[in-house]
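Shown here: model_34.cif, mmCIF, C-alpha atoms.
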```cif
data_my_file
loop_
_atom_site.label_atom_id
_atom_site.label_comp_id
_atom_site.auth_asym_id
_atom_site.auth_seq_id
_atom_site.Cartn_x
_atom_site.Cartn_y
_atom_site.Cartn_z
CA MET A 1 -12.63 -18.64 -16.03
CA ASP A 2 -11.31 -15.91 -18.34
CA LYS A 3 -7.67 -15.30 -17.55
CA VAL A 4 -6.09 -11.85 -17.62
CA GLY A 5 -2.58 -11.51 -19.02
CA ILE A 6 -0.04 -9.93 -16.66
CA GLY A 7 3.37 -8.52 -17.51
CA ILE A 8 5.69 -7.64 -14.64
CA ILE A 9 8.24 -4.83 -14.78
CA GLY A 10 10.75 -4.66 -11.91
CA LEU A 11 12.13 -7.89 -10.47
CA GLY A 12 13.54 -6.60 -7.20
CA ASN A 13 12.99 -7.63 -3.60
CA ILE A 14 9.18 -7.45 -3.56
CA SER A 15 8.61 -9.36 -6.81
CA ALA A 16 9.05 -12.78 -5.19
CA ALA A 17 6.12 -12.12 -2.84
CA TYR A 18 3.86 -11.22 -5.77
CA LEU A 19 4.95 -14.22 -7.81
CA LYS A 20 4.34 -16.64 -4.95
CA ALA A 21 0.95 -15.15 -4.04
CA SER A 22 -0.28 -14.90 -7.63
CA LYS A 23 -0.52 -18.70 -7.77
CA ASP A 24 -3.51 -18.45 -5.40
CA PHE A 25 -5.50 -16.39 -7.95
CA PRO A 26 -6.36 -18.41 -11.08
CA ILE A 27 -7.47 -15.34 -13.03
CA LEU A 28 -3.88 -14.07 -13.14
CA ASP A 29 -1.77 -15.39 -16.01
CA ILE A 30 1.78 -14.02 -15.84
CA ARG A 31 2.94 -14.02 -19.43
CA ALA A 32 6.29 -12.18 -19.24
CA VAL A 33 8.65 -10.35 -16.90
CA ALA A 34 11.16 -7.59 -17.63
CA ASP A 35 13.65 -5.37 -15.85
CA MET A 36 16.16 -2.68 -16.73
CA ASN A 37 18.69 -5.29 -15.58
CA PRO A 38 18.14 -8.26 -17.93
CA ALA A 39 20.09 -10.55 -15.61
CA ALA A 40 17.67 -9.82 -12.75
CA ALA A 41 14.72 -10.55 -15.02
CA LYS A 42 16.22 -13.84 -16.19
CA ALA A 43 17.08 -14.95 -12.65
CA ARG A 44 13.54 -14.33 -11.39
CA ALA A 45 12.01 -15.86 -14.52
CA ASP A 46 14.10 -18.99 -14.08
CA GLU A 47 13.12 -19.19 -10.40
CA PHE A 48 9.38 -19.16 -11.22
CA ALA A 49 9.45 -20.84 -14.66
CA LEU A 50 8.41 -17.67 -16.48
CA LYS A 51 9.50 -15.90 -19.66
CA ALA A 52 11.91 -12.97 -19.43
CA VAL A 53 11.73 -10.43 -22.26
CA ALA A 54 13.33 -7.12 -23.17
CA LEU A 55 11.80 -4.10 -21.46
CA ASP A 56 10.52 -2.61 -24.73
CA ASP A 57 8.90 -5.89 -25.75
CA ILE A 58 6.71 -6.22 -22.67
CA PHE A 59 4.82 -3.04 -23.58
CA THR A 60 4.01 -4.28 -27.10
CA ASP A 61 3.02 -7.84 -26.20
CA PRO A 62 -0.65 -8.17 -27.27
CA SER A 63 -1.26 -11.00 -24.79
CA ILE A 64 -0.62 -8.69 -21.82
CA ASP A 65 -3.62 -6.80 -20.40
CA ILE A 66 -2.13 -5.37 -17.18
CA ILE A 67 1.38 -4.17 -16.45
CA LEU A 68 2.30 -4.93 -12.84
CA ASN A 69 4.75 -2.15 -12.00
CA LEU A 70 7.18 -3.24 -9.27
CA THR A 71 9.89 -0.69 -9.99
CA ILE A 72 11.32 1.72 -7.38
CA PRO A 73 8.95 4.53 -6.32
CA ASN A 74 10.64 7.22 -8.44
CA ALA A 75 9.89 5.17 -11.56
CA HIS A 76 6.26 4.33 -10.81
CA VAL A 77 4.65 7.16 -12.76
CA ASP A 78 7.00 7.02 -15.76
CA VAL A 79 6.50 3.27 -16.18
CA GLY A 80 2.76 3.65 -15.62
CA LEU A 81 2.47 6.35 -18.28
CA ARG A 82 4.36 4.19 -20.75
CA ALA A 83 2.06 1.26 -20.04
CA ILE A 84 -1.02 3.43 -20.56
CA ALA A 85 0.40 4.83 -23.80
CA ALA A 86 0.78 1.22 -24.95
CA GLY A 87 -2.90 0.55 -24.19
CA LYS A 88 -2.32 -1.47 -21.02
CA HIS A 89 -4.00 -1.20 -17.64
CA VAL A 90 -1.44 -0.67 -14.88
CA TYR A 91 -1.20 -1.85 -11.28
CA SER A 92 1.62 -0.29 -9.25
CA GLU A 93 3.45 -1.08 -6.09
CA LYS A 94 2.99 1.60 -3.45
CA PRO A 95 3.11 4.53 -3.47
CA LEU A 96 1.27 5.46 -6.65
CA GLY A 97 3.93 8.12 -7.20
CA VAL A 98 6.27 10.27 -5.15
CA VAL A 99 4.62 13.58 -6.11
CA PHE A 100 0.88 14.19 -6.01
CA SER A 101 0.81 16.19 -9.26
CA GLU A 102 2.53 13.32 -11.09
CA GLY A 103 -0.04 10.89 -9.71
CA GLN A 104 -2.77 13.16 -11.06
CA LYS A 105 -1.12 13.05 -14.48
CA LEU A 106 -1.09 9.25 -14.42
CA LEU A 107 -4.78 8.95 -13.58
CA ALA A 108 -5.75 11.59 -16.14
CA ALA A 109 -3.86 9.72 -18.87
CA ALA A 110 -5.58 6.46 -17.96
CA LYS A 111 -9.05 7.97 -17.86
CA ALA A 112 -8.49 9.64 -21.23
CA LYS A 113 -7.83 6.20 -22.77
CA GLY A 114 -10.47 4.29 -20.81
CA LEU A 115 -7.85 2.26 -18.92
CA ARG A 116 -7.60 1.33 -15.25
CA VAL A 117 -5.01 2.18 -12.63
CA GLY A 118 -4.63 0.12 -9.50
CA SER A 119 -2.11 0.37 -6.71
CA ALA A 120 -0.87 -1.34 -3.61
CA PRO A 121 -1.24 -1.62 -0.75
CA ASP A 122 -3.90 -4.30 -0.89
CA THR A 123 -3.40 -5.48 2.70
CA PHE A 124 -6.62 -3.70 3.68
CA LEU A 125 -8.40 -6.47 1.74
CA GLY A 126 -7.07 -9.07 4.18
CA GLY A 127 -9.47 -10.86 6.50
CA ALA A 128 -8.47 -9.04 9.68
CA HIS A 129 -8.95 -5.61 8.14
CA GLN A 130 -12.22 -6.52 6.46
CA THR A 131 -13.52 -7.92 9.76
CA SER A 132 -12.47 -4.66 11.44
CA ARG A 133 -14.30 -2.76 8.72
CA ARG A 134 -17.46 -4.81 9.36
CA ILE A 135 -17.29 -4.01 13.09
CA VAL A 136 -17.04 -0.30 12.31
CA ASP A 137 -19.81 -0.42 9.71
CA GLU A 138 -22.18 -2.24 12.05
CA GLY A 139 -21.92 0.64 14.52
CA THR A 140 -20.35 -1.43 17.29
CA LEU A 141 -17.98 1.42 18.19
CA GLY A 142 -20.73 4.04 18.13
CA GLN A 143 -19.96 7.45 16.69
CA PRO A 144 -16.38 7.62 15.33
CA VAL A 145 -14.08 9.68 17.55
CA GLY A 146 -10.52 9.06 16.37
CA GLY A 147 -7.55 6.80 16.69
CA THR A 148 -3.79 6.35 16.50
CA ALA A 149 -1.50 4.95 13.80
CA TYR A 150 2.14 4.15 14.54
CA PHE A 151 5.03 2.72 12.56
CA MET A 152 8.40 3.37 14.18
CA CYS A 153 11.69 1.52 13.67
CA PRO A 154 15.44 2.30 13.53
CA GLY A 155 15.52 2.21 9.71
CA HIS A 156 15.53 -0.22 6.79
CA GLU A 157 19.31 -0.14 6.33
CA ARG A 158 19.44 -2.90 8.97
CA TRP A 159 17.98 -5.55 6.65
CA HIS A 160 17.34 -4.34 3.10
CA PRO A 161 20.00 -5.37 0.55
CA ASN A 162 19.82 -2.03 -1.26
CA PRO A 163 18.31 0.55 1.13
CA ALA A 164 19.61 3.83 -0.32
CA PHE A 165 16.35 4.68 -2.13
CA TYR A 166 14.50 4.81 1.22
CA TYR A 167 16.49 7.94 2.04
CA GLU A 168 16.39 9.64 -1.34
CA ALA A 169 13.71 12.04 -2.61
CA GLY A 170 10.52 10.03 -2.79
CA GLY A 171 11.55 7.85 0.15
CA GLY A 172 11.24 8.22 3.90
CA PRO A 173 8.90 6.53 6.36
CA MET A 174 5.75 8.34 5.25
CA LEU A 175 5.91 7.35 1.57
CA ASP A 176 7.25 3.90 2.43
CA MET A 177 4.97 2.84 5.29
CA GLY A 178 2.29 5.51 5.31
CA PRO A 179 0.35 3.92 2.41
CA TYR A 180 -0.46 0.83 4.52
CA TYR A 181 -1.79 2.81 7.46
CA ILE A 182 -3.58 5.62 5.64
CA THR A 183 -5.20 3.25 3.12
CA ASP A 184 -6.52 1.09 5.96
CA LEU A 185 -7.80 4.17 7.78
CA VAL A 186 -9.69 5.26 4.63
CA ASN A 187 -11.07 1.71 4.42
CA LEU A 188 -12.31 2.07 8.00
CA PHE A 189 -13.34 5.74 8.21
CA GLY A 190 -13.67 7.03 4.65
CA PRO A 191 -11.95 10.05 3.06
CA VAL A 192 -9.51 12.38 4.82
CA ALA A 193 -10.53 16.06 4.97
CA LYS A 194 -7.53 17.82 6.56
CA VAL A 195 -3.90 17.15 7.52
CA SER A 196 -1.46 18.84 9.86
CA GLY A 197 2.05 17.52 10.30
CA PHE A 198 5.72 17.95 11.16
CA GLY A 199 8.79 16.20 9.80
CA THR A 200 12.39 16.07 10.99
CA MET A 201 15.63 14.64 9.65
CA VAL A 202 17.63 13.55 12.69
CA ARG A 203 20.80 12.32 10.91
CA PRO A 204 22.31 13.43 7.56
CA THR A 205 23.77 9.97 6.84
CA ARG A 206 23.04 6.30 7.55
CA THR A 207 25.37 3.31 7.79
CA ILE A 208 24.14 0.13 6.12
CA THR A 209 24.36 -2.98 8.30
CA SER A 210 22.70 -5.51 5.96
CA LYS A 211 25.30 -7.97 4.72
CA GLU A 212 25.23 -7.05 1.03
CA ARG A 213 26.56 -3.51 1.57
CA ASN A 214 27.59 -3.65 5.22
CA GLY A 215 29.46 -0.57 6.39
CA GLU A 216 28.57 1.66 3.42
CA VAL A 217 27.49 5.19 4.38
CA ILE A 218 24.55 6.67 2.46
CA PRO A 219 23.18 10.24 2.53
CA VAL A 220 19.71 11.15 3.83
CA HIS A 221 17.61 13.61 1.80
CA VAL A 222 14.15 13.24 3.35
CA PRO A 223 12.44 13.62 6.74
CA THR A 224 12.89 10.40 8.71
CA HIS A 225 10.46 11.13 11.56
CA VAL A 226 6.99 12.38 10.53
CA SER A 227 4.13 13.02 12.91
CA GLY A 228 0.78 14.73 12.65
CA THR A 229 -3.00 14.53 12.61
CA LEU A 230 -5.62 13.42 10.12
CA VAL A 231 -9.15 14.82 10.29
CA PHE A 232 -11.61 12.61 8.41
CA GLN A 233 -14.79 13.73 6.69
CA ASN A 234 -16.77 11.69 9.24
CA GLY A 235 -15.25 13.80 12.05
CA ALA A 236 -12.71 11.29 13.37
CA VAL A 237 -9.31 12.69 14.39
CA VAL A 238 -6.35 10.28 14.11
CA GLN A 239 -2.77 10.83 15.34
CA VAL A 240 -0.13 9.42 12.99
CA THR A 241 3.63 8.84 13.42
CA MET A 242 5.91 7.20 10.84
CA SER A 243 9.59 6.99 11.76
CA PHE A 244 12.95 5.50 10.80
CA ASP A 245 14.52 6.98 13.95
CA VAL A 246 13.00 5.09 16.89
CA ALA A 247 14.80 2.22 18.62
CA ALA A 248 11.60 0.63 19.95
CA HIS A 249 8.07 1.45 21.16
CA LYS A 250 5.00 -0.18 22.71
CA HIS A 251 2.21 1.39 20.65
CA VAL A 252 -0.10 -0.89 18.70
CA PRO A 253 -0.09 -0.22 14.93
CA LEU A 254 -3.73 0.91 14.71
CA GLU A 255 -6.22 1.77 17.45
CA ILE A 256 -9.70 3.04 16.57
CA TYR A 257 -11.95 4.93 19.00
CA GLY A 258 -15.71 5.39 19.05
CA THR A 259 -18.17 6.62 21.66
CA GLU A 260 -19.18 3.03 22.47
CA GLY A 261 -15.93 1.10 22.14
CA THR A 262 -12.29 0.82 21.08
CA LEU A 263 -10.91 -1.47 18.39
CA ILE A 264 -7.31 -2.65 18.01
CA VAL A 265 -6.70 -3.33 14.32
CA PRO A 266 -3.75 -5.57 13.37
CA ASP A 267 -0.64 -4.34 11.56
CA PRO A 268 -1.82 -2.98 8.16
CA ASN A 269 1.41 -4.22 6.57
CA HIS A 270 -0.08 -7.72 6.96
CA PHE A 271 -3.35 -9.32 5.88
CA GLY A 272 -4.16 -11.06 9.16
CA GLY A 273 -3.54 -10.66 12.87
CA GLN A 274 -5.42 -10.54 16.14
CA ILE A 275 -8.30 -8.06 16.45
CA GLN A 276 -9.28 -6.87 19.92
CA LEU A 277 -12.45 -5.05 20.93
CA LEU A 278 -13.44 -3.32 24.14
CA LYS A 279 -17.06 -2.23 24.46
CA LYS A 280 -17.74 0.64 26.83
CA GLY A 281 -17.98 -0.68 30.39
CA GLY A 282 -16.60 -4.08 29.40
CA GLU A 283 -13.21 -5.74 28.99
CA TRP A 284 -10.89 -6.49 26.10
CA ALA A 285 -11.93 -9.47 23.99
CA ASP A 286 -10.21 -11.20 21.09
CA ILE A 287 -12.34 -11.07 17.95
CA GLU A 288 -12.25 -13.95 15.47
CA THR A 289 -11.64 -13.02 11.86
CA ASP A 290 -14.67 -14.06 9.81
CA MET A 291 -13.60 -12.85 6.37
CA PRO A 292 -11.44 -14.60 3.73
CA TYR A 293 -7.68 -14.06 3.40
CA ALA A 294 -7.00 -14.30 7.11
CA GLY A 295 -4.21 -15.90 9.11
CA GLU A 296 -0.54 -15.36 8.39
CA GLY A 297 -0.72 -15.81 4.62
CA ASN A 298 0.90 -13.29 2.30
CA TYR A 299 -1.72 -12.51 -0.35
CA ARG A 300 0.25 -9.72 -2.06
CA SER A 301 -1.57 -10.02 -5.37
CA ILE A 302 -5.13 -9.81 -4.10
CA GLY A 303 -5.55 -6.20 -5.27
CA LEU A 304 -4.26 -7.14 -8.72
CA ALA A 305 -6.59 -10.17 -8.84
CA ASP A 306 -9.56 -8.05 -7.78
CA MET A 307 -8.70 -5.58 -10.54
CA ALA A 308 -8.51 -8.41 -13.07
CA HIS A 309 -11.94 -9.72 -11.99
CA ALA A 310 -13.29 -6.15 -12.17
CA ILE A 311 -12.07 -5.75 -15.75
CA VAL A 312 -13.74 -9.02 -16.78
CA SER A 313 -17.03 -8.25 -15.00
CA ASN A 314 -17.01 -4.48 -15.62
CA ARG A 315 -17.24 -3.36 -11.99
CA PRO A 316 -15.07 -1.01 -9.89
CA HIS A 317 -11.89 -2.47 -8.42
CA ARG A 318 -11.00 -1.91 -4.78
CA ALA A 319 -7.29 -1.02 -4.71
CA SER A 320 -8.00 1.75 -7.18
CA GLY A 321 -6.00 4.60 -8.59
CA ASP A 322 -8.46 7.07 -7.05
CA LEU A 323 -7.85 5.57 -3.60
CA ALA A 324 -4.06 5.60 -4.10
CA LEU A 325 -4.12 9.20 -5.36
CA HIS A 326 -6.12 10.29 -2.30
CA VAL A 327 -3.59 8.59 -0.02
CA LEU A 328 -0.69 10.18 -1.94
CA GLU A 329 -2.22 13.64 -1.50
CA VAL A 330 -2.62 12.96 2.23
CA MET A 331 1.01 11.85 2.58
CA GLU A 332 2.35 14.83 0.66
CA ALA A 333 0.23 17.10 2.87
CA PHE A 334 2.32 16.12 5.92
CA GLU A 335 5.41 17.69 4.32
CA THR A 336 3.47 20.68 2.96
CA SER A 337 2.04 21.31 6.42
CA SER A 338 5.44 20.93 8.07
CA GLN A 339 7.07 23.41 5.71
CA SER A 340 4.25 25.96 5.72
CA GLY A 341 2.92 25.68 9.27
CA ARG A 342 -0.62 25.38 7.89
CA VAL A 343 -3.42 22.84 8.08
CA ILE A 344 -3.81 21.39 4.57
CA ASP A 345 -7.20 20.70 2.99
CA ILE A 346 -7.42 17.45 0.99
CA THR A 347 -9.01 17.95 -2.42
CA THR A 348 -9.27 14.49 -4.00
CA PRO A 349 -12.66 12.79 -3.79
CA VAL A 350 -12.68 9.09 -3.04
CA THR A 351 -15.32 6.51 -2.24
CA ARG A 352 -14.58 3.81 0.33
CA PRO A 353 -13.84 0.57 -1.51
CA ALA A 354 -16.57 -2.04 -1.43
CA PRO A 355 -16.15 -4.62 1.35
CA LEU A 356 -14.50 -7.92 0.42
CA SER A 357 -16.49 -10.70 2.05
CA GLU A 358 -16.01 -13.63 -0.34
CA SER A 359 -13.06 -15.39 -1.93
CA LEU A 360 -11.83 -14.14 -5.29
CA VAL A 361 -10.70 -17.59 -6.37
CA ASP A 362 -13.89 -18.60 -8.14
CA GLY A 363 -14.65 -15.15 -9.48
CA ARG A 364 -18.06 -14.92 -7.80
CA LEU A 365 -17.38 -11.68 -6.02
CA GLY A 366 -18.93 -8.46 -7.34
#
```
What is this structure when it is put down as structure tokens?
Amino acid sequence: MDKVGIGIIGLGNISAAYLKASKDFPILDIRAVADMNPAAAKARADEFALKAVALDDIFTDPSIDIILNLTIPNAHVDVGLRAIAAGKHVYSEKPLGVVFSEGQKLLAAAKAKGLRVGSAPDTFLGGAHQTSRRIVDEGTLGQPVGGTAYFMCPGHERWHPNPAFYYEAGGGPMLDMGPYYITDLVNLFGPVAKVSGFGTMVRPTRTITSKERNGEVIPVHVPTHVSGTLVFQNGAVVQVTMSFDVAAHKHVPLEIYGTEGTLIVPDPNHFGGQIQLLKKGGEWADIETDMPYAGEGNYRSIGLADMAHAIVSNRPHRASGDLALHVLEVMEAFETSSQSGRVIDITTPVTRPAPLSESLVDGRLG
């Protein structure tokens, strides 16, 4: 199998998950890691027996084909543009960017140079979500009607070692958690056509309770409770709420409605989980996942691996820049709608990613 050289920039909290999962995808060859903090790069490199290099050097390394960009959201576009200028493909953690116009700039730069952009989340490629997609595509639910999507918690300052960026410009529950839910909804229903939304900021400050910075007070600069409605091109209408202000709730993460049935889709922040289906006139039934990458495994490199296979075989990749840009426009539309009081039309075209029904390990999948 042809291996694709990967260079990682940003060795923070999420990097360990990528490094562990990448071992399950033989096409990925991690050739160097770098960070603005050289000590952080060295510590992670030592942990995984990798090579840490200076930040400038990773862009000029001829053995690296794709830059995996795991920096904080505000740096995603700047790092991506630098990678593209250096002739590298780029795969970014979510979101693609914090501003839609900047995301457009990134994709335009890549297309001008014939390079690819990919972006998390890739959880929609997990077995539970691909099985849910198959159920929808087979027409089991009948004509699409709508659904609900909920993520609500008290806030990430409870557990994250450095949570301040979640409450700065470019943070908040929509840009942090919205990508998982909206990407999975596009996987299930196709493109979004219109958005209406409202956002509120309940508290101007937060007190960190994670042990690293326990007791420190940080300012809040973004809406922390966002709610609204997505209208999809297929006619489905989905209610969405993303919040860092809710103590607890009993909503399921994703519920999908059709004229002939209702589908409970597992948490889109995970690859697996229990699917439940109720056909009209019947009762709830557990549905077995019949696609790869199921169970409780963390496959947080599958989108990158799929992109690497796509480069080698010259086919489209699934966790694409076009998909991520569409989702970014949708998320930004919640705030635009809230501020203007208008329903916002979504302008970016996107094609539903191809289903993932076989393992990527042997490279057979097209």
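With all atoms listed in the file as the atoms that count, the residue of A:Phe151, A:Thr205, A:Ala128, A:Val226 with the shortest distance to Gly295 (chain A) is A:Ala128.
Near Gln274 (chain A), within a cut-off of 9 Å and counting all atoms listed in the file, sit the residues Ala128, Ile264, Val265, Pro266, Asp286, Ile287, Glu288, Thr289 and Gly295 of chain A, with same-chain residues fewer than 3 positions away left out.
Proximity to Arg158 (chain A) was assessed for A:Val240, A:Val77, A:Ala247, A:Ala52 counting only C-alpha atoms; the smallest distance is recorded for A:Ala247.
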Spatial neighbours of region 163-176 of chain A, 9 Å, only C-alpha atoms, chain gap at least 3 places, as a PyMOL selection string: chain A and resi 72-74+94-95+97-99+151-152+155-160+179-180+205-206+208+210+218-226+241-244+328+331-332+334
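Closest approach to Trp284 (chain A) among A:Ala45, A:Ser338, A:Leu263, A:Ala305: A:Leu263, based on all atoms listed in the file.
Among the candidates A:Asn13, A:Ser132, A:Gln339, A:Thr348, the residue lying nearest to Gly272 (chain A) is A:Ser132 (atoms considered: all atoms listed in the file).
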Got a sec: who's within 10 Å of Glu335 (chain A), counting only C-alpha atoms, leaving out chain neighbours fewer than 6 positions off, as a ChimeraX atom specification? /A:174,195-200,222-223,226-228,341,344
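Residues selected in this file by the PyMOL selection byres ((chain A and resi 31) around 7) comprise Gly5, Ile6, Gly7, Asp29, Ile30, Ala32, Lys51 and Ile64 of chain A.
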To one decimal in Å, tell me the separation between CA of Asn69 (chain A) and CA of Lys42 (chain A). 16.9 Å
Between A:Asn269, A:Asn298, A:Ser92, A:Thr60, which has the minimum distance to Ala16 (chain A) (counting only C-alpha atoms)? A:Asn298
Identify all residues satisfying the PyMOL selection byres ((chain A and resi 67) around 9) in the given file; provide them as a PyMOL selection string. chain A and resi 5-9+58-59+64-66+68-69+80+83-84+88-92
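From CA of Phe100 (chain A) back to CA of Ile346 (chain A), the distance works out to 11.3 Å.
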Take the PyMOL selection byres ((chain A and resi 250-257) around 7), apply it to the structure above, and return the hits as a ChimeraX atom specification. /A:144-151,249,258-259,261-267
If I only want region 175-188 of chain A, can you write it with C-alpha atoms, as an mmCIF file, in the first residue's frame?
```
data_model
loop_
_atom_site.group_PDB
_atom_site.id
_atom_site.type_symbol
_atom_site.label_atom_id
_atom_site.label_comp_id
_atom_site.auth_asym_id
_atom_site.auth_seq_id
_atom_site.Cartn_x
_atom_site.Cartn_y
_atom_site.Cartn_z
ATOM 1 C CA LEU A 175 -19.019 26.299 16.609
ATOM 2 C CA ASP A 176 -17.768 23.729 19.118
ATOM 3 C CA MET A 177 -20.499 21.082 19.001
ATOM 4 C CA GLY A 178 -22.624 22.161 16.063
ATOM 5 C CA PRO A 179 -20.249 20.637 13.478
ATOM 6 C CA TYR A 180 -20.962 17.102 14.747
ATOM 7 C CA TYR A 181 -24.726 17.479 14.584
ATOM 8 C CA ILE A 182 -25.069 19.528 11.406
ATOM 9 C CA THR A 183 -22.558 17.384 9.486
ATOM 10 C CA ASP A 184 -24.459 14.239 10.452
ATOM 11 C CA LEU A 185 -27.746 15.851 9.448
ATOM 12 C CA VAL A 186 -26.294 16.712 6.018
ATOM 13 C CA ASN A 187 -25.091 13.103 5.792
ATOM 14 C CA LEU A 188 -28.663 11.959 6.482
#
```
